[in-house]
Every structure is written in C-alpha cells, then in structure tokens.
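Next comes coords.txt, with compact mmCIF, C-alpha atoms.
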```txt
# COMPACT_ATOMS: atom_id res chain seq x y z
CA MET R 16 -3.56 -338.00 -74.20
CA ARG R 17 -3.62 -341.76 -73.85
CA THR R 18 -4.06 -345.06 -75.74
CA LEU R 19 -6.89 -346.44 -77.86
CA LYS R 20 -9.76 -347.98 -75.91
CA SER R 21 -10.90 -351.53 -76.56
CA LEU R 22 -14.56 -352.73 -76.22
CA PHE R 23 -15.73 -351.98 -79.72
CA THR R 24 -19.07 -352.47 -81.53
CA LEU R 25 -20.61 -353.18 -84.93
CA PHE R 26 -20.77 -350.06 -87.01
CA VAL R 27 -21.18 -348.63 -90.47
CA PHE R 28 -19.11 -345.64 -91.52
CA SER R 29 -17.97 -343.95 -94.68
CA ILE R 30 -14.52 -342.49 -95.27
CA LEU R 31 -12.52 -340.76 -97.92
CA VAL R 32 -12.23 -342.62 -101.23
CA TYR R 33 -8.66 -342.56 -102.45
CA SER R 34 -7.92 -341.62 -106.06
CA CYS R 35 -4.72 -342.57 -107.87
CA SER R 36 -5.03 -339.87 -110.53
CA SER R 37 -2.05 -337.59 -111.08
CA ASP R 38 -4.21 -334.48 -110.59
CA ASP R 39 -5.27 -335.62 -107.12
CA ASN R 40 -1.68 -336.51 -106.19
CA ASN R 41 -0.44 -333.09 -107.28
CA GLY R 42 -3.21 -331.34 -105.38
CA GLY R 43 -2.51 -333.42 -102.28
CA GLY R 44 1.19 -332.64 -102.54
CA GLU R 45 0.56 -328.89 -102.78
CA LEU R 46 -1.74 -329.01 -99.76
CA ALA R 47 0.84 -331.01 -97.78
CA ASN R 48 3.52 -328.40 -98.60
CA GLN R 49 1.23 -325.60 -97.46
CA GLN R 50 0.49 -327.45 -94.22
CA ASN R 51 4.20 -328.02 -93.53
CA GLN R 52 5.09 -324.36 -94.17
CA LEU R 53 2.73 -323.27 -91.39
CA GLU R 54 5.00 -325.00 -88.87
CA ASP R 55 7.91 -322.62 -89.55
CA VAL R 56 5.98 -319.48 -88.54
CA PRO R 57 6.57 -318.07 -85.00
CA VAL R 58 3.55 -318.46 -82.72
CA PRO R 59 2.25 -314.95 -81.86
CA LEU R 60 2.76 -313.75 -78.30
CA SER R 61 -0.99 -313.19 -78.01
CA ASN R 62 -1.57 -316.95 -78.28
CA LEU R 63 1.09 -317.65 -75.67
CA ASN R 64 -0.73 -315.26 -73.34
CA SER R 65 -4.28 -316.50 -73.81
CA ASP R 66 -4.44 -319.97 -75.39
CA ILE R 67 -2.38 -322.15 -73.01
CA SER R 68 -3.63 -323.90 -69.87
CA ILE R 69 -2.17 -326.36 -67.35
CA GLU R 70 -4.57 -328.20 -65.06
CA GLY R 71 -4.03 -327.37 -61.39
CA ALA R 72 -1.59 -324.53 -62.09
CA THR R 73 -1.97 -320.85 -61.24
CA LYS R 74 -0.92 -317.97 -63.50
CA ASN R 75 1.00 -315.07 -62.00
CA GLN R 76 1.91 -311.73 -63.55
CA GLY R 77 5.52 -311.09 -64.52
CA THR R 78 8.42 -313.53 -64.39
CA PRO R 79 9.13 -316.40 -61.95
CA PRO R 80 11.42 -316.00 -58.92
CA ALA R 81 15.11 -316.20 -59.84
CA PRO R 82 17.05 -319.49 -59.52
CA ASN R 83 18.96 -319.74 -56.25
CA SER R 84 20.26 -323.32 -56.05
CA THR R 85 21.73 -326.27 -57.93
CA ILE R 86 18.70 -328.54 -57.63
CA ASN R 87 19.08 -331.26 -60.26
CA LEU R 88 16.85 -330.84 -63.34
CA GLU R 89 17.23 -332.44 -66.77
CA LEU R 90 14.93 -332.34 -69.78
CA SER R 91 14.37 -335.58 -71.67
CA SER R 92 14.79 -333.43 -74.79
CA ASP R 93 15.12 -329.70 -75.37
CA GLN R 94 12.85 -330.07 -78.42
CA ALA R 95 9.17 -331.07 -78.38
CA GLU R 96 6.40 -331.68 -80.86
CA ALA R 97 2.99 -330.24 -80.07
CA TYR R 98 -0.42 -330.53 -81.70
CA GLN R 99 -3.26 -328.08 -82.26
CA ASN R 100 -6.20 -328.35 -79.83
CA ALA R 101 -4.13 -330.90 -77.91
CA GLY R 102 -0.85 -329.41 -76.70
CA PHE R 103 2.25 -331.30 -75.58
CA ASN R 104 3.98 -332.81 -72.56
CA VAL R 105 7.12 -331.43 -70.94
CA ARG R 106 9.08 -334.48 -69.77
CA PHE R 107 11.92 -334.03 -67.29
CA SER R 108 13.78 -335.87 -64.56
CA THR R 109 15.36 -335.03 -61.21
CA THR R 110 17.09 -336.88 -58.40
CA GLU R 111 15.51 -334.58 -55.81
CA THR R 112 12.92 -336.18 -53.53
CA ASN R 113 11.12 -333.17 -52.03
CA ILE R 114 10.07 -331.32 -55.17
CA ALA R 115 7.12 -329.02 -54.50
CA GLY R 116 6.42 -327.65 -57.97
CA ALA R 117 7.67 -325.95 -61.12
CA TYR R 118 7.65 -322.57 -62.82
CA LEU R 119 7.08 -322.41 -66.58
CA LEU R 120 7.34 -319.22 -68.64
CA PHE R 121 6.62 -319.26 -72.38
CA LYS R 122 8.29 -316.98 -74.92
CA ASP R 123 8.19 -316.37 -78.65
CA SER R 124 10.98 -316.95 -81.18
CA ASP R 125 12.42 -313.49 -80.44
CA ASP R 126 12.65 -314.19 -76.67
CA ASN R 127 9.68 -311.94 -75.87
CA THR R 128 8.08 -313.49 -72.79
CA ALA R 129 4.41 -314.00 -72.04
CA SER R 130 2.87 -311.57 -69.56
CA GLU R 131 2.22 -314.36 -67.03
CA TYR R 132 4.02 -317.51 -65.89
CA PHE R 133 2.63 -320.81 -64.61
CA ASP R 134 3.18 -322.00 -61.04
CA ILE R 135 2.57 -325.75 -61.21
CA PRO R 136 2.23 -327.81 -58.00
CA VAL R 137 3.81 -331.26 -57.93
CA SER R 138 0.29 -332.72 -57.62
CA SER R 139 -0.23 -331.72 -61.27
CA PHE R 140 2.82 -333.69 -62.45
CA GLU R 141 2.49 -337.07 -64.11
CA THR R 142 4.98 -339.33 -62.35
CA GLY R 143 6.77 -342.62 -62.94
CA LYS R 144 6.38 -345.23 -60.21
CA SER R 145 8.21 -348.48 -59.59
CA ASN R 146 6.46 -351.63 -60.75
CA ASN R 147 8.55 -354.79 -60.61
CA THR R 148 5.78 -357.10 -61.79
CA LYS R 149 4.24 -357.27 -65.23
CA ASN R 150 0.62 -356.21 -65.02
CA THR R 151 -2.12 -358.29 -66.56
CA PRO R 152 -2.94 -356.63 -69.90
CA SER R 153 -6.08 -354.55 -69.60
CA SER R 154 -9.23 -355.89 -71.19
CA LYS R 155 -9.82 -352.36 -72.45
CA GLY R 156 -6.39 -351.97 -74.05
CA SER R 157 -6.42 -351.67 -77.81
CA SER R 158 -4.50 -353.98 -80.09
CA LEU R 159 -3.48 -350.98 -82.21
CA PHE R 160 -0.68 -348.68 -81.01
CA LYS R 161 0.66 -348.07 -77.50
CA SER R 162 1.98 -345.04 -75.61
CA ASN R 163 5.12 -344.31 -73.63
CA SER R 164 5.10 -344.67 -69.86
CA LEU R 165 7.26 -342.90 -67.29
CA VAL R 166 9.99 -344.49 -65.18
CA ASP R 167 11.19 -343.65 -61.67
CA GLY R 168 12.47 -340.09 -61.40
CA GLU R 169 10.66 -338.94 -64.55
CA TYR R 170 7.87 -336.38 -64.56
CA GLU R 171 5.60 -334.82 -67.16
CA ILE R 172 3.66 -331.58 -67.26
CA ASP R 173 0.61 -331.71 -69.54
CA VAL R 174 0.32 -328.42 -71.45
CA ASP R 175 -3.03 -327.88 -73.20
CA PHE R 176 -3.85 -325.52 -76.07
CA GLY R 177 -7.05 -323.63 -76.77
CA SER R 178 -8.92 -324.07 -80.04
CA ASP R 179 -7.30 -320.96 -81.60
CA PHE R 180 -3.68 -322.01 -81.01
CA PRO R 181 -1.91 -322.11 -84.41
CA PRO R 182 0.90 -324.26 -85.81
CA GLY R 183 4.35 -322.73 -85.46
CA LYS R 184 7.31 -322.37 -83.12
CA PHE R 185 7.84 -321.06 -79.57
CA CYS R 186 9.88 -321.90 -76.44
CA GLY R 187 9.46 -322.22 -72.69
CA ASP R 188 11.73 -321.74 -69.66
CA LEU R 189 11.29 -324.35 -66.91
CA CYS R 190 12.64 -324.56 -63.38
CA ILE R 191 11.58 -326.63 -60.37
CA TYR R 192 11.50 -325.76 -56.68
CA ASP R 193 11.39 -327.70 -53.42
CA SER R 194 9.48 -327.26 -50.18
CA GLU R 195 12.18 -324.92 -48.85
CA ASN R 196 11.90 -322.58 -51.87
CA ASN R 197 15.18 -323.69 -53.39
CA ILE R 198 14.82 -323.00 -57.12
CA SER R 199 16.73 -324.86 -59.83
CA GLN R 200 18.54 -323.31 -62.74
CA ILE R 201 16.45 -322.69 -65.87
CA VAL R 202 16.25 -325.19 -68.72
CA THR R 203 14.70 -324.21 -72.05
CA ILE R 204 12.50 -326.35 -74.25
CA CYS R 205 11.58 -325.26 -77.78
CA VAL R 206 8.35 -326.45 -79.34
CA GLU R 207 7.11 -326.96 -82.88
CA VAL R 208 3.34 -327.13 -83.18
CA GLU R 209 2.59 -329.48 -86.05
CA ALA R 210 -0.01 -328.56 -88.66
CA TRP R 211 -2.64 -331.20 -89.33
CA GLY R 212 -1.85 -333.34 -92.37
CA GLY R 213 1.43 -333.01 -94.22
CA ASN R 214 2.06 -336.11 -96.38
CA ALA R 215 0.10 -336.76 -99.57
CA ASP R 216 1.55 -340.28 -99.98
CA ILE R 217 -0.32 -341.74 -97.01
CA ILE R 218 -3.75 -340.28 -97.80
CA GLY R 219 -6.42 -342.91 -98.37
CA GLU R 220 -8.16 -345.88 -96.80
CA TRP R 221 -5.96 -348.63 -95.37
CA ILE R 222 -6.68 -352.12 -94.06
CA LEU R 223 -4.40 -353.81 -91.51
CA GLU R 224 -2.67 -356.75 -93.20
CA SER R 225 -0.36 -357.84 -90.39
CA SER R 226 1.16 -356.70 -87.12
CA THR R 227 3.93 -357.73 -84.75
CA GLU R 228 3.44 -356.98 -81.08
CA ASP R 229 5.88 -358.11 -78.42
CA ASP R 230 4.38 -356.91 -75.15
CA ASP R 231 1.08 -358.82 -74.83
CA LYS R 232 2.78 -361.86 -73.34
CA TYR R 233 2.03 -363.17 -69.87
CA THR R 234 4.26 -365.32 -67.65
CA VAL R 235 2.33 -368.20 -66.11
CA ASP R 236 3.89 -369.70 -62.97
CA CYS R 237 2.73 -373.30 -63.15
CA ASN R 238 1.76 -375.47 -60.19
CA ASN R 239 4.68 -377.80 -61.01
CA ASP R 240 7.18 -374.95 -60.32
CA GLN R 241 7.82 -374.41 -64.02
CA SER R 242 6.74 -371.37 -66.02
CA ILE R 243 5.58 -370.61 -69.56
CA GLU R 244 5.17 -367.49 -71.72
CA ALA R 245 1.73 -367.24 -73.32
CA ASP R 246 -0.22 -364.75 -75.40
CA TYR R 247 -2.69 -363.05 -73.10
CA TYR R 248 -5.17 -362.74 -75.96
CA LYS R 249 -6.01 -365.43 -78.52
CA VAL R 250 -7.24 -363.56 -81.58
CA ILE R 251 -10.20 -365.11 -83.38
CA LYS R 252 -10.93 -362.19 -85.69
CA GLU R 253 -9.11 -358.89 -86.27
CA ASP R 254 -10.40 -356.31 -88.74
CA LEU R 255 -8.72 -352.90 -88.53
CA ALA R 256 -9.14 -349.95 -90.89
CA LEU R 257 -7.26 -346.66 -90.92
CA SER R 258 -8.66 -343.76 -92.96
CA ILE R 259 -6.39 -340.75 -93.60
CA SER R 260 -7.79 -337.60 -95.20
CA SER R 261 -5.87 -334.75 -96.87
CA ASN R 262 -7.48 -332.16 -94.56
CA GLY R 263 -5.87 -333.75 -91.48
CA ASP R 264 -8.80 -335.94 -90.39
CA PHE R 265 -8.38 -339.63 -89.60
CA SER R 266 -10.46 -342.50 -88.29
CA VAL R 267 -9.50 -345.90 -86.90
CA THR R 268 -12.12 -348.63 -86.82
CA GLU R 269 -11.73 -352.00 -85.19
CA ASN R 270 -13.80 -355.18 -85.20
CA THR R 271 -12.19 -357.97 -83.19
CA GLU R 272 -13.06 -361.23 -81.50
CA GLU R 273 -10.68 -362.81 -79.01
CA LYS R 274 -10.38 -365.12 -76.03
CA VAL R 275 -8.56 -364.23 -72.81
CA LEU R 276 -5.95 -366.45 -71.16
CA ASP R 277 -7.39 -368.53 -68.30
CA ILE R 278 -4.51 -368.11 -65.86
CA GLU R 279 -5.64 -370.62 -63.23
CA ALA R 280 -6.34 -373.36 -65.78
CA SER R 281 -3.01 -372.62 -67.46
CA LYS R 282 -1.21 -373.06 -64.13
CA VAL R 283 -2.70 -376.52 -63.75
CA ASP R 284 -1.91 -377.71 -67.30
CA CYS R 285 1.31 -375.67 -67.62
CA SER R 286 0.16 -374.76 -71.12
CA ALA R 287 -1.91 -371.92 -72.52
CA VAL R 288 -5.62 -372.43 -71.80
CA TYR R 289 -8.15 -369.84 -72.96
CA SER R 290 -11.62 -369.01 -71.73
CA ASP R 291 -14.62 -370.33 -73.66
CA GLU R 292 -16.16 -366.86 -73.81
CA ILE R 293 -15.41 -364.79 -76.91
CA GLU R 294 -14.99 -361.06 -76.32
CA LYS R 295 -16.27 -358.96 -79.21
CA ASP R 296 -14.80 -355.51 -79.59
CA GLU R 297 -15.95 -353.00 -82.18
CA SER R 298 -15.30 -349.24 -82.17
CA LYS R 299 -14.46 -346.12 -84.09
CA GLU R 300 -11.89 -343.51 -83.10
CA THR R 301 -11.79 -340.16 -84.95
CA GLY R 302 -9.43 -337.23 -84.75
CA LYS R 303 -6.55 -335.44 -86.45
CA TRP R 304 -3.19 -336.60 -87.83
CA ALA R 305 0.14 -334.81 -88.22
CA TYR R 306 3.27 -335.78 -90.15
CA ASN R 307 6.82 -334.77 -89.24
CA GLU R 308 8.53 -334.42 -92.60
CA THR R 309 12.03 -334.34 -91.05
CA ASP R 310 11.73 -337.52 -88.97
CA LYS R 311 9.15 -339.13 -91.30
CA THR R 312 6.82 -339.92 -88.40
CA LEU R 313 3.05 -340.01 -87.99
CA THR R 314 1.09 -338.89 -84.93
CA LEU R 315 -2.61 -339.57 -84.36
CA VAL R 316 -4.61 -337.47 -81.88
CA SER R 317 -8.12 -338.72 -81.14
CA PHE R 318 -10.92 -336.35 -80.22
CA LYS R 319 -13.81 -338.84 -80.17
CA TYR R 320 -14.27 -342.50 -79.25
CA GLU R 321 -17.42 -344.45 -80.12
CA ASP R 322 -18.28 -347.87 -78.70
CA PHE R 323 -21.22 -349.44 -80.50
CA ILE R 324 -21.62 -352.38 -78.14
CA ASN R 325 -21.84 -350.29 -75.00
CA SER R 326 -22.46 -346.58 -75.49
CA GLU R 327 -21.50 -345.93 -71.85
CA TYR R 328 -17.89 -346.03 -73.03
CA ASN R 329 -18.40 -343.31 -75.66
CA GLU R 330 -16.15 -340.37 -74.93
CA GLU R 331 -14.95 -337.07 -76.36
CA TYR R 332 -11.54 -335.54 -75.65
CA PRO R 333 -11.58 -331.73 -75.94
CA ASN R 334 -7.79 -331.60 -75.47
CA GLY R 335 -7.05 -334.71 -77.50
CA ASP R 336 -6.02 -338.28 -76.72
CA LEU R 337 -2.61 -339.24 -78.15
CA ILE R 338 -3.01 -342.74 -79.59
CA LEU R 339 0.09 -342.88 -81.81
CA GLU R 340 3.14 -340.78 -81.01
CA SER R 341 5.77 -340.30 -83.72
CA GLY R 342 5.40 -343.68 -85.39
CA LYS R 343 7.93 -344.19 -88.19
CA VAL R 344 6.24 -344.31 -91.60
CA GLN R 345 7.36 -346.00 -94.82
CA ILE R 346 5.66 -346.89 -98.09
CA VAL R 347 7.03 -350.31 -99.09
CA ASP R 348 5.75 -351.95 -102.29
CA GLY R 349 2.63 -349.80 -102.07
CA LYS R 350 1.98 -350.78 -98.45
CA LEU R 351 1.91 -348.41 -95.47
CA VAL R 352 4.29 -349.62 -92.76
CA VAL R 353 4.06 -347.96 -89.33
CA THR R 354 6.69 -348.75 -86.69
CA ASP R 355 5.65 -347.82 -83.16
CA THR R 356 8.43 -347.68 -80.53
CA TYR R 357 7.47 -347.00 -76.92
CA THR R 358 8.50 -347.71 -73.34
CA GLU R 359 6.50 -349.44 -70.64
CA ASN R 360 7.78 -349.96 -67.09
CA GLY R 361 11.29 -349.11 -68.27
CA THR R 362 11.28 -351.62 -71.15
CA THR R 363 11.36 -350.51 -74.79
CA TYR R 364 9.09 -352.28 -77.28
CA THR R 365 8.81 -352.04 -81.05
CA ASP R 366 5.64 -353.01 -82.92
CA THR R 367 5.22 -352.94 -86.70
CA TYR R 368 1.87 -352.56 -88.48
CA THR R 369 1.51 -353.17 -92.22
CA PHE R 370 -1.51 -351.75 -94.05
CA VAL R 371 -2.72 -352.30 -97.61
CA ARG R 372 -5.02 -350.02 -99.56
CA LYS R 373 -8.66 -351.02 -99.52
```
Render the structure in this file as structure tokens.
Amino acid sequence: MRTLKSLFTLFVFSILVYSCSSDDNNGGGELANQQNQLEDVPVPLSNLNSDISIEGATKNQGTPPAPNSTINLELSSDQAEAYQNAGFNVRFSTTETNIAGAYLLFKDSDDNTASEYFDIPVSSFETGKSNNTKNTPSSKGSSLFKSNSLVDGEYEIDVDFGSDFPPGKFCGDLCIYDSENNISQIVTICVEVEAWGGNADIIGEWILESSTEDDDKYTVDCNNDQSIEADYYKVIKEDLALSISSNGDFSVTENTEEKVLDIEASKVDCSAVYSDEIEKDESKETGKWAYNETDKTLTLVSFKYEDFINSEYNEEYPNGDLILESGKVQIVDGKLVVTDTYTENGTTYTDTYTFVRK
C-alpha cells in the first residue's frame, strides 16, 4: 500500500451523479449506518485461519514458542485500522540490533486463537533507514496525498487479507526473536476492519479547489555560497476530481501540467529556474473508501491505476495500495476539506485539500 502515481493521461470517465434530494440523503444515511454496524461484529475464527497471508512468512501449527527474555519491543499503537481485500500494517519499534524475526498469532474477540501462527523473517519487515539529506521529489510522485514513512528503529509487517475477509474486530499477539532464539514478551494489537463506505455527507463528485502542501520544497545551494528554498514543481495546470460513491467505490482523476526545477541553472542564478519542457500528467485511480465515524477520517485504498499517456505504467493492486490514510474530513460551507498528516524522514507534514461539488 503506497502513494498515488504521477504520469497521467487524457481520459474520459463517468462517475456517480450526486443528488441533493432528501430521499437520497436518507437512503445514503441508512446505508452508511448499516456499513458502520458491520465493523462491530467479531471476525469469525474461520477467516483468521484461512484468509490472512504475510509475504515471506511460514505458518506453523499450534502456538509460538514461549517468551524467554526481555528483548525490547513496543507497538506504535495497540489499535489498528484494517481494510477489506487490503489488510493492515503492524508497526513496532525495538532498540535491539540483531532481530531475526517475529511470531504473530491471531485470535478472535473471545481469545480463541487461530490454529496456526506466522513465523516472519526479518527480511519480510519494512524498515526505517537513516537519510540525512532531502531527496529530490520523484517525478512519479502524485500531487494528491502522501503516506507515512518509517524512521530508524521502526518496523512494519504487512498483513494481507483474502477477498472473503469481512469487516469486524479481532486481535493479534506479537513477539520478536533474535539470532540466539531470545524471544520477547508478547504485545497485543487489536484490529478493526473497516467496512467500505460509511458517511453519506461526502458522497458525490468533487473538484479540487485549493491545496496547501509543505514538503515539495527543494534547497538549492548556490554557486555564491548562499542557498534558496524553491518549489520543485512549477504548476501550469492542475485539474483534480474525486468521486465518492455510496457503495464504497471511489475514483481520483488528475490532469496536470508542470515544469521541474532546473537545479544547475538555479545554482548559477541563485533563484528558481525551471525547465522549458512541460510535463503532462493525466491518470485515473480507482478503488474503495472507508470512513472512521469515531475519528472522522477518510481512507482511500486503490486497486487500479490507469495511465493514459503511457499504458506501461498501468497497474492493478490485488491487495490494495493505500493512497490516503486516515485523513481528517470536514464539511465547511458545503466544501469537503481533507487534512492529510504524515511523516517523512522523521518530519511531520500537514497538507490540506479543499474540494467543491461539481
């Protein structure tokens, strides 16, 4: 699960037409309530046994070996949101340097454990690595939404769900072990699998009116020993549309034109100089959306990316691609305001996107 791609192409698509009638609002509200109620149901043990996978891990019968040490292990949170067909990430940290792997055993709401546990080698962990320099923004990075990155000492285990995994609640017991078979104490994470949809107020077709992004800056070290901060991209055209359907479907379309910072020329002039070439990006991303009614946040999980300029970049994501994670949602004066907070290389950023109805 990662960020939106860039390189987009000219396209024609049709999406849900929003109706302001009271009948449609009532129907949408009833559907949203039904969707939210599904999240309170315990996930059956049969799904925990058969509909979970972790790349690179092996499944063993019974329960993991018992803890036998005080190896440091801390969860980033003992609660996690998960998504159908996509799964979730278990994020944790440790000060240990010779970690060899982890054991993960899932259980239902009544503490009945799955018949098998996962033995996950450290090679299957996502890790945070030091990076003391700001990377050049990727030419394939999208201008809409970002994702959290890991920092030193943080790890993630990517847990995937099968197509039959339902919304609901369950938990998992995690411990890590080192190369000498020292096993940490158990920490427990409890998971709520969000149902698709869940908020009738945001259903409809939205056009991006404005956005504030604070991480696409680049520091230019000039030839005269001074430095300047410059936008890495100079936007010529930016058309973004977000379509949200009551059944949990969404699509994001983007049609942009921009110029890229010419770093060498900017060093000479000690001012922002942009390339003459205009990069045209047009695409469509489709998938499913979920709303957390407690935190009032929106998550978008993409399952298909289409690039109409270069079809070589077309891609499908069977286990989902997380393009917006728990963005705060508000309706202000009839406008949809999404606030996206994320970390990158240890720094926290906050971007705000304001949409108006089409």
*asked:* I'd like the interatomic distance between atom CA of Gln200 of chain R and atom CA of Leu63 of chain R, to a tenth of an Å.
replied: 22.4 Å
*Within 9 Å of Ala305 of chain R, counting all atoms listed in the file, which residues show up once you throw out same-chain ones fewer than 5 positions away? Write them as a count of residues only, please.*
13
_Residue with smallest distance to Ala95 of chain R - pool R:Glu207, R:Glu308, R:Asp246, R:Asp291, counting all atoms listed in the file_ =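 Selected residue with least distance to Ala95 of chain R: R:Glu207.
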*Which of R:Leu255, R:Val347, R:Ile67, R:Leu53 sits closest to Thr271 of chain R [using all atoms listed in the file]*: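 Closest to Thr271 of chain R, using all atoms listed in the file: R:Leu255.
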*Taking (-0.5, -365.5, -75.0) in the file's coordinates as the center, which residues reach within 9 Å of it, counting all atoms listed in the file, put as JSON, numbers by chain?*
{"R": [231, 232, 233, 234, 244, 245, 246, 247, 248, 249, 275, 276, 287]}
*How many Å separate atom CA of Val208 of chain R from atom CA of Leu88 of chain R?*
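Here the two named atoms are 24.3 Å from each other.
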Hey, could you pull the box centre and edge lengths for segment 117-135 of chain R, axis-aligned, 4 Å padding per side, all listed atoms, to one decimal in Å, as lines of an AutoDock Vina configuration file?
```
center_x = 7.4
center_y = -318.8
center_z = -71.1
size_x = 18.4
size_y = 22.4
size_z = 28.1
```
*What separation in Å, quoted to one decimal, exists between atom CA of Phe265 of chain R and atom CA of Lys299 of chain R?*
10.5 Å
Using all atoms listed in the file, give me every residue within 10 Å of (-6.9, -367.5, -66.1) in file coordinates, as a compact mmCIF listing (two decimals) with C-alpha atoms, keeping the file's coordinate frame.
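Saved file result_15.txt follows:
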```txt
# COMPACT_ATOMS: atom_id res chain seq x y z
CA VAL R 235 2.33 -368.20 -66.11
CA TYR R 247 -2.69 -363.05 -73.10
CA VAL R 275 -8.56 -364.23 -72.81
CA LEU R 276 -5.95 -366.45 -71.16
CA ASP R 277 -7.39 -368.53 -68.30
CA ILE R 278 -4.51 -368.11 -65.86
CA GLU R 279 -5.64 -370.62 -63.23
CA ALA R 280 -6.34 -373.36 -65.78
CA SER R 281 -3.01 -372.62 -67.46
CA LYS R 282 -1.21 -373.06 -64.13
CA ALA R 287 -1.91 -371.92 -72.52
CA VAL R 288 -5.62 -372.43 -71.80
CA TYR R 289 -8.15 -369.84 -72.96
CA SER R 290 -11.62 -369.01 -71.73
```
So that I can see what lies close to Glu272 of chain R, please list as a CSV table (one decimal) with C-alpha atoms, keeping the file's coordinate frame the residues with an atom at most 9 Å from it, counting all atoms listed in the file and leaving out residues fewer than 2 positions away in the same chain.
```csv
chain,number,residue,atom,x,y,z
R,249,LYS,CA,-6.0,-365.4,-78.5
R,250,VAL,CA,-7.2,-363.6,-81.6
R,251,ILE,CA,-10.2,-365.1,-83.4
R,252,LYS,CA,-10.9,-362.2,-85.7
R,253,GLU,CA,-9.1,-358.9,-86.3
R,270,ASN,CA,-13.8,-355.2,-85.2
R,274,LYS,CA,-10.4,-365.1,-76.0
R,293,ILE,CA,-15.4,-364.8,-76.9
R,294,GLU,CA,-15.0,-361.1,-76.3
R,295,LYS,CA,-16.3,-359.0,-79.2
R,296,ASP,CA,-14.8,-355.5,-79.6
R,297,GLU,CA,-16.0,-353.0,-82.2
```
*Long-range neighbours of Asp134 of chain R as an NGL selection string, 10 Å cut-off, only C-alpha atoms, 6 positions minimum in chain*: :R and (69 or 71-75 or 79 or 116-120 or 191)
